[in-house]
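**Q** My file is final03.txt. It has compact mmCIF, C-alpha atoms:
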# COMPACT_ATOMS: atom_id res chain seq x y z
CA MET A 1 104.61 129.84 -166.41
CA SER A 2 102.26 128.09 -164.02
CA PHE A 3 101.57 129.72 -160.66
CA SER A 4 101.08 127.98 -157.33
CA ALA A 5 98.14 130.31 -156.62
CA SER A 6 96.56 133.40 -158.14
CA LEU A 7 94.79 136.44 -156.67
CA LYS A 8 93.23 139.49 -158.33
CA GLY A 9 93.06 143.01 -156.97
CA ILE A 10 91.73 146.43 -157.95
CA THR A 11 93.23 149.84 -157.19
CA TRP A 12 93.11 153.34 -158.71
CA ASN A 13 94.76 154.62 -161.86
CA HIS A 14 97.79 156.64 -160.83
CA THR A 15 101.45 155.84 -160.25
CA ARG A 16 100.86 156.26 -156.51
CA GLY A 17 97.96 153.80 -156.49
CA TYR A 18 98.99 151.21 -159.09
CA VAL A 19 102.74 150.86 -159.53
CA PRO A 20 103.67 150.04 -155.89
CA LEU A 21 101.07 147.29 -155.83
CA VAL A 22 102.40 145.76 -159.05
CA ALA A 23 105.92 145.97 -157.62
CA THR A 24 104.96 144.43 -154.28
CA ALA A 25 102.98 141.72 -156.07
CA GLN A 26 106.08 140.79 -158.05
CA ARG A 27 108.23 140.74 -154.91
CA PHE A 28 105.59 138.66 -153.11
CA GLU A 29 105.65 136.22 -156.03
CA ASP A 30 109.44 136.00 -155.73
CA LEU A 31 109.27 135.38 -151.98
CA THR A 32 106.47 132.81 -152.10
CA GLY A 33 107.69 130.78 -155.03
CA GLY A 34 105.00 131.59 -157.55
CA VAL A 35 101.94 133.30 -156.05
CA GLU A 36 100.53 135.57 -158.76
CA ILE A 37 98.65 138.77 -157.89
CA ARG A 38 97.17 140.64 -160.85
CA TRP A 39 96.14 144.27 -160.31
CA GLN A 40 93.43 146.14 -162.24
CA LYS A 41 92.97 149.93 -162.33
CA ARG A 42 89.94 152.18 -161.92
CA SER A 43 89.63 155.95 -162.11
CA LEU A 44 90.15 158.23 -159.13
CA LYS A 45 86.43 159.07 -159.26
CA ASP A 46 85.47 155.40 -159.06
CA PHE A 47 87.94 154.97 -156.20
CA GLY A 48 85.94 157.48 -154.19
CA ASP A 49 82.44 156.82 -155.54
CA ALA A 50 81.94 153.31 -156.93
CA PRO A 51 80.00 150.91 -154.67
CA LEU A 52 81.99 148.10 -153.08
CA GLU A 53 79.50 145.49 -154.28
CA LYS A 54 80.46 146.21 -157.87
CA LEU A 55 84.19 146.40 -157.20
CA SER A 56 84.36 143.20 -155.16
CA GLU A 57 82.46 140.99 -157.60
CA ASP A 58 85.50 139.40 -159.20
CA VAL A 59 88.51 140.34 -157.07
CA ASP A 60 90.24 139.12 -153.93
CA LEU A 61 91.91 142.36 -152.85
CA LEU A 62 90.61 145.94 -152.95
CA VAL A 63 92.26 149.29 -152.36
CA ILE A 64 89.47 151.39 -150.85
CA ASP A 65 88.58 154.77 -149.38
CA HIS A 66 87.66 154.56 -145.67
CA PRO A 67 84.18 156.19 -145.87
CA HIS A 68 83.01 153.01 -147.66
CA ILE A 69 83.72 150.92 -144.56
CA GLY A 70 80.28 151.16 -142.95
CA HIS A 71 78.56 150.22 -146.19
CA GLY A 72 80.88 147.27 -146.68
CA ALA A 73 80.50 146.08 -143.09
CA ALA A 74 76.69 146.20 -143.21
CA ARG A 75 76.64 144.03 -146.35
CA GLN A 76 79.47 141.67 -145.39
CA ILE A 77 81.46 142.59 -148.47
CA LEU A 78 84.85 142.62 -146.74
CA GLU A 79 86.71 140.17 -144.52
CA PRO A 80 87.72 141.36 -141.01
CA LEU A 81 91.50 141.46 -140.96
CA GLU A 82 91.84 140.51 -137.30
CA ASN A 83 90.63 137.04 -138.31
CA HIS A 84 93.85 136.50 -140.25
CA LEU A 85 96.59 138.90 -139.12
CA PRO A 86 98.58 138.53 -135.85
CA ALA A 87 97.35 140.72 -133.00
CA ALA A 88 100.90 141.96 -132.37
CA PHE A 89 101.20 143.10 -135.99
CA LEU A 90 97.89 144.97 -135.82
CA SER A 91 99.00 146.65 -132.59
CA GLU A 92 102.19 147.74 -134.32
CA LEU A 93 100.16 149.20 -137.21
CA ALA A 94 97.92 151.09 -134.80
CA ALA A 95 100.95 152.58 -133.04
CA ALA A 96 102.49 153.55 -136.40
CA SER A 97 99.36 155.26 -137.72
CA VAL A 98 99.65 158.58 -139.54
CA GLY A 99 96.96 160.62 -137.83
CA ARG A 100 93.75 158.62 -137.55
CA SER A 101 94.46 156.46 -140.60
CA PHE A 102 94.35 153.14 -138.73
CA GLU A 103 91.20 154.16 -136.88
CA SER A 104 89.54 155.12 -140.16
CA TYR A 105 89.42 151.47 -141.24
CA SER A 106 88.12 150.23 -137.88
CA PHE A 107 84.35 150.05 -137.60
CA ASP A 108 81.81 148.10 -135.58
CA GLY A 109 84.50 146.25 -133.65
CA HIS A 110 86.48 145.06 -136.69
CA LEU A 111 89.40 146.19 -138.85
CA TRP A 112 88.26 146.10 -142.48
CA ALA A 113 91.39 147.34 -144.26
CA SER A 114 95.04 148.05 -143.58
CA PRO A 115 96.22 151.67 -144.01
CA ILE A 116 98.85 151.26 -146.72
CA ASP A 117 98.55 154.89 -147.93
CA ALA A 118 98.05 158.12 -145.96
CA ALA A 119 96.85 161.43 -147.40
CA ALA A 120 94.97 164.63 -146.69
CA PRO A 121 94.67 168.03 -148.39
CA VAL A 122 97.93 169.95 -147.97
CA SER A 123 99.41 173.04 -149.60
CA SER A 124 101.69 172.96 -152.64
CA TRP A 125 103.62 175.42 -154.77
CA ARG A 126 106.12 175.83 -157.58
CA PRO A 127 109.34 176.85 -155.81
CA ASP A 128 110.97 178.05 -159.03
CA LEU A 129 108.08 180.39 -159.85
CA MET A 130 107.78 181.64 -156.26
CA GLU A 131 111.47 182.52 -156.22
CA ARG A 132 111.38 184.11 -159.67
CA SER A 133 108.41 186.28 -158.76
CA GLY A 134 109.70 187.18 -155.30
CA ILE A 135 106.40 186.14 -153.72
CA ALA A 136 106.45 184.82 -150.16
CA LEU A 137 104.45 181.76 -149.23
CA PRO A 138 101.06 182.75 -147.81
CA GLU A 139 100.57 182.03 -144.13
CA THR A 140 96.90 182.97 -143.77
CA PHE A 141 93.70 182.38 -145.72
CA GLU A 142 93.50 186.12 -146.38
CA GLU A 143 96.95 186.04 -148.01
CA VAL A 144 95.81 183.11 -150.16
CA LEU A 145 92.89 185.24 -151.39
CA LYS A 146 95.29 188.03 -152.32
CA LEU A 147 97.32 185.63 -154.46
CA ALA A 148 94.14 184.16 -155.96
CA ARG A 149 92.94 187.62 -157.05
CA ARG A 150 96.17 187.89 -159.06
CA GLY A 151 95.34 184.67 -160.91
CA LEU A 152 98.17 182.70 -159.29
CA VAL A 153 96.18 180.12 -157.31
CA ALA A 154 94.41 176.89 -158.20
CA VAL A 155 92.25 174.74 -155.96
CA PRO A 156 90.50 171.48 -156.94
CA ALA A 157 86.75 172.03 -156.66
CA THR A 158 85.01 168.96 -158.05
CA PRO A 159 81.91 167.99 -156.04
CA VAL A 160 83.75 165.73 -153.60
CA ASP A 161 86.68 168.14 -153.23
CA SER A 162 84.28 171.02 -152.62
CA LEU A 163 82.59 169.10 -149.82
CA MET A 164 85.94 168.17 -148.23
CA HIS A 165 86.94 171.85 -148.28
CA PHE A 166 83.60 172.73 -146.69
CA PHE A 167 84.29 170.27 -143.86
CA MET A 168 87.79 171.71 -143.44
CA ILE A 169 86.58 175.30 -143.11
CA CYS A 170 83.83 174.26 -140.68
CA CYS A 171 86.51 172.68 -138.48
CA ALA A 172 88.60 175.86 -138.73
CA LEU A 173 85.58 177.85 -137.57
CA GLY A 174 85.43 175.67 -134.48
CA GLU A 175 82.79 173.08 -135.33
CA GLU A 176 83.25 169.51 -136.52
CA PRO A 177 80.60 168.28 -138.95
CA PHE A 178 78.11 165.58 -137.94
CA VAL A 179 78.08 166.29 -134.22
CA SER A 180 74.29 166.66 -134.41
CA ALA A 181 72.14 163.72 -135.50
CA ASP A 182 69.95 165.90 -137.71
CA SER A 183 72.30 168.42 -139.32
CA VAL A 184 75.73 168.61 -140.91
CA VAL A 185 76.82 171.66 -138.91
CA SER A 186 75.07 174.58 -137.32
CA ARG A 187 73.47 177.03 -139.73
CA GLU A 188 75.81 179.83 -138.63
CA THR A 189 79.00 177.83 -139.17
CA GLY A 190 77.80 176.32 -142.45
CA VAL A 191 76.85 179.66 -143.97
CA ALA A 192 80.18 181.20 -142.95
CA ALA A 193 82.11 178.26 -144.42
CA LEU A 194 80.21 178.41 -147.72
CA ARG A 195 80.91 182.12 -148.04
CA LYS A 196 84.63 181.68 -147.47
CA LEU A 197 84.88 178.79 -149.91
CA ARG A 198 82.87 180.65 -152.53
CA THR A 199 85.14 183.69 -152.21
CA LEU A 200 88.21 181.56 -152.93
CA VAL A 201 86.66 179.73 -155.88
CA ASP A 202 85.38 183.00 -157.35
CA CYS A 203 88.95 184.32 -157.28
CA SER A 204 90.28 181.23 -159.03
CA ALA A 205 90.04 180.08 -162.64
CA ARG A 206 86.72 178.46 -163.56
CA GLU A 207 88.59 175.31 -164.60
CA CYS A 208 89.02 174.60 -160.88
CA LEU A 209 85.42 173.42 -160.77
CA VAL A 210 86.24 170.43 -162.98
CA ARG A 211 89.75 169.61 -161.72
CA ASN A 212 90.51 166.99 -159.11
CA PRO A 213 93.85 167.02 -157.21
CA ILE A 214 95.71 165.04 -159.88
CA GLN A 215 94.49 167.35 -162.64
CA THR A 216 95.41 170.37 -160.50
CA TYR A 217 98.95 169.10 -159.99
CA ARG A 218 99.32 168.31 -163.68
CA GLU A 219 98.35 171.88 -164.50
CA MET A 220 100.88 173.20 -161.99
CA VAL A 221 103.80 171.12 -163.31
CA THR A 222 103.14 171.56 -167.04
CA GLY A 223 102.44 175.31 -167.16
CA ASP A 224 103.87 178.42 -165.53
CA ARG A 225 100.64 180.20 -164.63
CA ILE A 226 99.81 178.66 -161.23
CA LEU A 227 102.19 179.28 -158.36
CA TYR A 228 100.25 177.97 -155.40
CA CYS A 229 97.50 175.58 -154.31
CA PRO A 230 96.21 176.10 -150.75
CA PHE A 231 94.72 172.62 -150.27
CA ALA A 232 94.47 169.44 -152.33
CA TYR A 233 94.95 165.81 -151.40
CA GLY A 234 98.72 165.44 -151.42
CA TYR A 235 100.59 163.34 -153.99
CA SER A 236 104.24 162.95 -153.04
CA ASN A 237 105.08 161.86 -156.60
CA TYR A 238 104.98 165.49 -157.72
CA SER A 239 107.64 166.42 -155.17
CA ARG A 240 110.11 163.86 -156.52
CA PRO A 241 112.62 164.98 -159.17
CA GLY A 242 112.05 163.29 -162.52
CA PHE A 243 108.38 162.41 -162.06
CA ALA A 244 107.01 165.48 -163.87
CA PRO A 245 108.42 168.38 -165.93
CA ARG A 246 108.59 170.56 -162.81
CA VAL A 247 108.89 169.75 -159.10
CA LEU A 248 106.34 170.88 -156.54
CA ARG A 249 106.99 171.53 -152.88
CA PHE A 250 104.41 170.68 -150.23
CA GLY A 251 103.65 172.00 -146.76
CA ASN A 252 101.06 172.32 -144.04
CA LEU A 253 97.92 174.43 -144.34
CA VAL A 254 97.54 178.15 -143.72
CA THR A 255 95.73 179.63 -140.74
CA MET A 256 92.24 181.10 -140.78
CA GLY A 257 91.03 183.80 -138.43
CA GLY A 258 93.92 183.53 -136.00
CA ALA A 259 96.86 181.32 -135.17
CA ARG A 260 95.07 177.99 -135.67
CA MET A 261 95.92 176.06 -138.83
CA LEU A 262 93.14 174.88 -141.12
CA ARG A 263 92.12 171.33 -140.26
CA SER A 264 92.24 169.03 -143.25
CA THR A 265 89.91 166.10 -144.09
CA LEU A 266 91.63 162.72 -143.89
CA GLY A 267 91.95 160.61 -147.04
CA GLY A 268 94.40 157.86 -147.94
CA ALA A 269 93.78 154.27 -148.97
CA GLY A 270 93.36 150.91 -147.27
CA LEU A 271 94.05 147.39 -148.52
CA ALA A 272 91.06 145.09 -147.91
CA ILE A 273 90.17 141.45 -148.57
CA SER A 274 86.92 140.60 -150.33
CA LYS A 275 84.55 138.12 -148.70
CA ARG A 276 84.50 136.41 -152.08
CA CYS A 277 88.21 135.60 -151.79
CA ALA A 278 88.71 131.83 -151.74
CA ASN A 279 92.25 132.00 -150.33
CA ARG A 280 91.97 134.52 -147.52
CA SER A 281 95.06 133.35 -145.67
CA LEU A 282 97.20 133.99 -148.73
CA ALA A 283 95.55 137.38 -149.33
CA ALA A 284 96.20 138.27 -145.68
CA ALA A 285 99.85 137.32 -146.03
CA TYR A 286 100.13 139.81 -148.90
CA VAL A 287 98.32 142.50 -146.86
CA GLU A 288 100.78 141.95 -144.02
CA PHE A 289 103.73 142.11 -146.41
CA VAL A 290 102.65 145.38 -148.05
CA SER A 291 101.70 146.98 -144.70
CA SER A 292 104.97 146.10 -142.97
CA SER A 293 107.35 148.88 -142.02
CA ILE A 294 110.14 147.31 -144.11
CA CYS A 295 108.06 147.29 -147.28
CA GLN A 296 106.51 150.69 -146.64
CA ARG A 297 109.93 152.32 -146.09
CA GLY A 298 111.49 150.48 -149.00
CA LEU A 299 109.83 148.92 -152.04
CA TYR A 300 106.45 150.59 -151.57
CA PHE A 301 107.86 154.13 -151.51
CA ASP A 302 110.57 153.42 -154.07
CA SER A 303 107.90 152.24 -156.53
CA GLY A 304 106.00 155.53 -156.33
CA GLY A 305 103.76 154.78 -153.37
CA GLN A 306 102.76 157.15 -150.58
CA PRO A 307 103.16 155.03 -147.46
CA GLY A 308 100.68 154.75 -144.63
CA HIS A 309 103.28 153.72 -142.04
CA ARG A 310 104.58 156.47 -139.78
CA SER A 311 108.14 155.19 -139.91
CA ALA A 312 108.19 156.04 -143.62
CA TRP A 313 106.89 159.57 -143.05
CA GLU A 314 109.67 160.20 -140.52
CA ASN A 315 112.40 158.49 -142.56
CA VAL A 316 115.34 160.71 -143.55
CA ARG A 317 116.07 158.89 -146.83
CA ILE A 318 112.47 159.10 -147.95
CA ASN A 319 112.14 162.77 -147.09
CA THR A 320 115.37 163.55 -148.92
CA ALA A 321 114.09 161.76 -152.02
CA ALA A 322 110.72 163.55 -151.85
CA ASN A 323 111.98 167.06 -151.06
CA GLY A 324 110.66 166.86 -147.51
CA PHE A 325 107.06 166.09 -148.53
CA PHE A 326 106.35 163.80 -145.60
CA ALA A 327 108.01 165.71 -142.78
CA SER A 328 106.60 168.99 -144.08
CA THR A 329 102.97 167.82 -144.11
CA LEU A 330 102.81 165.34 -141.22
CA LYS A 331 101.32 167.87 -138.82
CA THR A 332 98.38 168.40 -141.18
CA LEU A 333 97.68 164.67 -141.38
CA ASP A 334 98.03 164.16 -137.64
CA GLU A 335 95.37 166.80 -137.02
CA ALA A 336 93.06 165.84 -139.91
CA TYR A 337 89.32 165.45 -139.44
CA LEU A 338 87.93 161.93 -139.81
CA ARG A 339 84.75 161.68 -141.88
CA PRO A 340 81.83 159.49 -140.79
CA ARG A 341 81.80 155.89 -142.02
CA TYR A 342 78.23 154.85 -141.23
CA ASP A 343 76.20 152.92 -143.78
CA GLY A 344 74.63 155.63 -145.92
CA TYR A 345 77.40 158.23 -145.58
CA MET A 346 78.65 157.72 -149.14
CA ARG A 347 75.22 158.55 -150.52
CA PHE A 348 75.29 161.71 -148.41
CA GLN A 349 78.76 162.59 -149.71
CA ASP A 350 77.69 162.15 -153.34
CA ASP A 351 74.51 164.22 -152.96
CA ALA A 352 75.89 166.91 -150.65
CA GLY A 353 78.99 167.32 -152.80
CA SER A 354 76.74 168.08 -155.76
CA VAL A 355 74.83 170.64 -153.68
CA VAL A 356 78.00 172.51 -152.67
CA HIS A 357 79.45 172.27 -156.17
CA LYS A 358 76.32 173.70 -157.77
CA PHE A 359 76.47 176.62 -155.33
CA LEU A 360 80.11 177.30 -156.21
CA GLN A 361 79.37 177.02 -159.90
CA GLN A 362 76.08 178.88 -160.18
CA GLY A 363 75.77 180.91 -157.00
CA GLY A 364 72.75 181.03 -154.76
CA ASP A 365 71.68 181.70 -151.21
CA CYS A 366 73.85 180.16 -148.49
CA GLU A 367 70.84 179.60 -146.25
CA GLU A 368 69.09 177.64 -148.99
CA VAL A 369 72.21 175.57 -149.58
CA MET A 370 72.34 174.66 -145.90
CA THR A 371 68.65 173.73 -145.97
CA ARG A 372 69.28 171.41 -148.89
CA MET A 373 72.29 169.83 -147.17
CA GLU A 374 70.23 169.22 -144.04
CA GLU A 375 67.57 167.53 -146.16
CA VAL A 376 70.23 165.30 -147.69
CA ARG A 377 71.59 164.53 -144.22
CA ARG A 378 68.20 163.40 -142.94
CA ALA A 379 67.57 161.33 -146.07
CA ARG A 380 70.98 159.65 -145.98
CA LYS A 381 71.34 158.70 -142.32
Before anything else, please render the file you have as structure tokens.

**A**
Amino acid sequence: MSFSASLKGITWNHTRGYVPLVATAQRFEDLTGGVEIRWQKRSLKDFGDAPLEKLSEDVDLLVIDHPHIGHGAARQILEPLENHLPAAFLSELAAASVGRSFESYSFDGHLWASPIDAAAPVSSWRPDLMERSGIALPETFEEVLKLARRGLVAVPATPVDSLMHFFMICCALGEEPFVSADSVVSRETGVAALRKLRTLVDCSARECLVRNPIQTYREMVTGDRILYCPFAYGYSNYSRPGFAPRVLRFGNLVTMGGARMLRSTLGGAGLAISKRCANRSLAAAYVEFVSSSICQRGLYFDSGGQPGHRSAWENVRINTAANGFFASTLKTLDEAYLRPRYDGYMRFQDDAGSVVHKFLQQGGDCEEVMTRMEEVRRARK
């Protein structure tokens, strides 16, 4: 078959990241009379870590993580979407944002990607095992530690996950990271956050240090040892019957040191257009199609996607199909912390994540860890 036009895109290798884009590409082809969009896959690690220059070399469309935005803007790797999408449509997307998802792709006066997927660390558990064991869901961080000491808890603690948890606990202790130009957080808050995170990881299986959220969920649905995960980037697929051997339930985060809920670190994914794209108007038409409320509430979710449009998160049909995943975690996403997006932040995230991970893995002095993180901060401004 000959196509009237052809585009290439790259996303990440999971049902949530790949299948809905293949499905929407096929529907877009049907609607446009033969526009082909071919999607490639990359690992979850490359999704978060790989430089945009490398990813955008031979593609027209990219699914990206918002902390890359400053880097991409400084090097003119991406095309500003407001140059191609109607202002009324962009206003509708902004109003329908899940938490600060829309804002996360806005930088230096431009919108660099459309928030087609919303996510943040949320809690999860095996409802069948919780019921069988007669264990109540923990409501506080201290109750999580009690479960962890019984060997019933898993938490993803790869370098990037460890750093995101560090940010989360700092927020819970009353201080957002990166308020100061020279430090990540105050020494007092940082040390306290490291100690709390280290306590949880020490109570958990050592395998946590090499598991990302997907690997954590796979462990939870294929074995009967782990009952609860206090925070991991949510994947609604695991709450849907038939996706995995067992179904997980998801909810908001526990409290720490009082009535205030832990404050998660925003994730998700945005759909961007490469500057190298020769047919930007066509690519923009696809971005608009995938981002629309109709697609997000319908084909995108039904194909395994985790929508970025608020109407999908509040939709009764979708919540019924996903065991309430969206309604049960929306508060966490609405309150999530937004990471910096300046040019150089990703190098900080890579290096600082390794610093925190090494501390969790090998131990050490919290004060020295904070000193090292401050050195990384100054070097990666």

**Q** When distances are computed from only C-alpha atoms, which of A:Phe89, A:Phe326, A:Tyr105, A:Phe359 shows the smallest separation from A:Gly70?

**A**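 Among A:Phe89, A:Phe326, A:Tyr105, A:Phe359, it is A:Tyr105 that comes nearest to A:Gly70.
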
**Q** Work out how far apart atom CA of A:Arg263 and atom CA of A:Pro156 are and give it in Å to one decimal.

**A** 16.8 Å

**Q** Give me, please, the distance in Å between atom CA of A:Gln362 and atom CA of A:Leu163, quoted to one decimal.

**A**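 Taking atom CA of A:Gln362 as the start and atom CA of A:Leu163 as the end point, the length is 15.7 Å.
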
**Q** As a short mmCIF file (atom, residue, chain, number, x, y, z; two decimals) with C-alpha atoms, in the frame of the given file, please: the residues near A:Arg225 (cut-off 8 Å, only C-alpha atoms, same-chain neighbours under 3 positions excluded).

**A**
data_model
loop_
_atom_site.label_atom_id
_atom_site.label_comp_id
_atom_site.auth_asym_id
_atom_site.auth_seq_id
_atom_site.Cartn_x
_atom_site.Cartn_y
_atom_site.Cartn_z
CA GLY A 151 95.34 184.67 -160.91
CA LEU A 152 98.17 182.70 -159.29
CA MET A 220 100.88 173.20 -161.99
#

**Q** Figure out the distance between atom CA of A:Trp39 and atom CA of A:Glu82, please, to one decimal in Å.

**A**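 Taking atom CA of A:Glu82 and atom CA of A:Trp39, their separation equals 23.7 Å.
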
**Q** Counting all atoms listed in the file, figure out which residue out of A:Ala278, A:Leu227, A:Leu111, A:Val153 gets nearest to A:Arg249.

**A**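 Looking only at the distances to A:Arg249, the closest residue turns out to be A:Leu227.
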
**Q** Here is a test: counting all atoms listed in the file, which residue of A:Phe102, A:Asp365, A:Asn237, A:Phe141 is nearest to A:Asp302?

**A** A:Asn237

**Q** For the interface of stretch 159-236 of chain A with stretch 8-20 of chain A (cut-off 9 Å, counting only C-alpha atoms), please tabulate each contacting residue of stretch 159-236 of chain A alongside its nearest pair of atoms and their separation in Å to one decimal, rows sorted by chain and increasing number, as a tab-separated table.

**A**
residue	atom	partner	partner_atom	distance
A:Ile214	CA	A:His14	CA	8.7
A:Tyr235	CA	A:Arg16	CA	7.5
A:Ser236	CA	A:Arg16	CA	8.3

**Q** With a cut-off of 7 Å, could you pull out the residues of stretch 196-302 of chain A touching stretch 331-334 of chain A and give me the nearest pair of atoms for each, distance in Å to one decimal, using all atoms listed in the file, ordered by chain and ascending number, as CSV?

**A**
residue,atom,partner,partner_atom,distance
A:Asn252,CA,A:Thr332,CA,5.5
A:Leu253,CA,A:Thr332,CA,6.8
A:Arg263,CA,A:Thr332,CA,7.0
A:Ser264,CA,A:Thr332,CA,6.5
A:Leu266,CA,A:Leu333,CA,6.8

**Q** Please return stretch 251-262 of chain A, rebuilt to N, CA and C atoms, as a PDB file, in the coordinates of the input.

**A**
ATOM      1  N   GLY A 251     103.557 171.584-148.147  1.00  0.00           N
ATOM      2  CA  GLY A 251     103.650 172.000-146.760  1.00  0.00           C
ATOM      3  C   GLY A 251     102.309 171.900-146.057  1.00  0.00           C
ATOM      4  N   ASN A 252     102.292 172.327-144.818  1.00  0.00           N
ATOM      5  CA  ASN A 252     101.060 172.320-144.040  1.00  0.00           C
ATOM      6  C   ASN A 252     100.109 173.414-144.530  1.00  0.00           C
ATOM      7  N   LEU A 253      98.955 173.491-143.913  1.00  0.00           N
ATOM      8  CA  LEU A 253      97.920 174.430-144.340  1.00  0.00           C
ATOM      9  C   LEU A 253      98.109 175.797-143.687  1.00  0.00           C
ATOM     10  N   VAL A 254      97.485 176.796-144.271  1.00  0.00           N
ATOM     11  CA  VAL A 254      97.540 178.150-143.720  1.00  0.00           C
ATOM     12  C   VAL A 254      96.573 178.266-142.541  1.00  0.00           C
ATOM     13  N   THR A 255      96.644 179.370-141.845  1.00  0.00           N
ATOM     14  CA  THR A 255      95.730 179.630-140.740  1.00  0.00           C
ATOM     15  C   THR A 255      94.505 180.390-141.252  1.00  0.00           C
ATOM     16  N   MET A 256      93.452 180.359-140.460  1.00  0.00           N
ATOM     17  CA  MET A 256      92.240 181.100-140.780  1.00  0.00           C
ATOM     18  C   MET A 256      91.708 181.755-139.520  1.00  0.00           C
ATOM     19  N   GLY A 257      91.624 183.075-139.546  1.00  0.00           N
ATOM     20  CA  GLY A 257      91.030 183.800-138.430  1.00  0.00           C
ATOM     21  C   GLY A 257      91.815 183.735-137.145  1.00  0.00           C
ATOM     22  N   GLY A 258      93.111 183.595-137.214  1.00  0.00           N
ATOM     23  CA  GLY A 258      93.920 183.530-136.000  1.00  0.00           C
ATOM     24  C   GLY A 258      95.120 182.637-136.203  1.00  0.00           C
ATOM     25  N   ALA A 259      95.636 182.113-135.106  1.00  0.00           N
ATOM     26  CA  ALA A 259      96.860 181.320-135.170  1.00  0.00           C
ATOM     27  C   ALA A 259      96.607 179.862-135.517  1.00  0.00           C
ATOM     28  N   ARG A 260      95.359 179.396-135.459  1.00  0.00           N
ATOM     29  CA  ARG A 260      95.070 177.990-135.670  1.00  0.00           C
ATOM     30  C   ARG A 260      95.088 177.624-137.154  1.00  0.00           C
ATOM     31  N   MET A 261      95.813 176.548-137.464  1.00  0.00           N
ATOM     32  CA  MET A 261      95.920 176.060-138.830  1.00  0.00           C
ATOM     33  C   MET A 261      94.596 175.436-139.277  1.00  0.00           C
ATOM     34  N   LEU A 262      94.279 175.591-140.568  1.00  0.00           N
ATOM     35  CA  LEU A 262      93.140 174.880-141.120  1.00  0.00           C
ATOM     36  C   LEU A 262      93.253 173.389-140.813  1.00  0.00           C
TER      37      LEU A 262
END
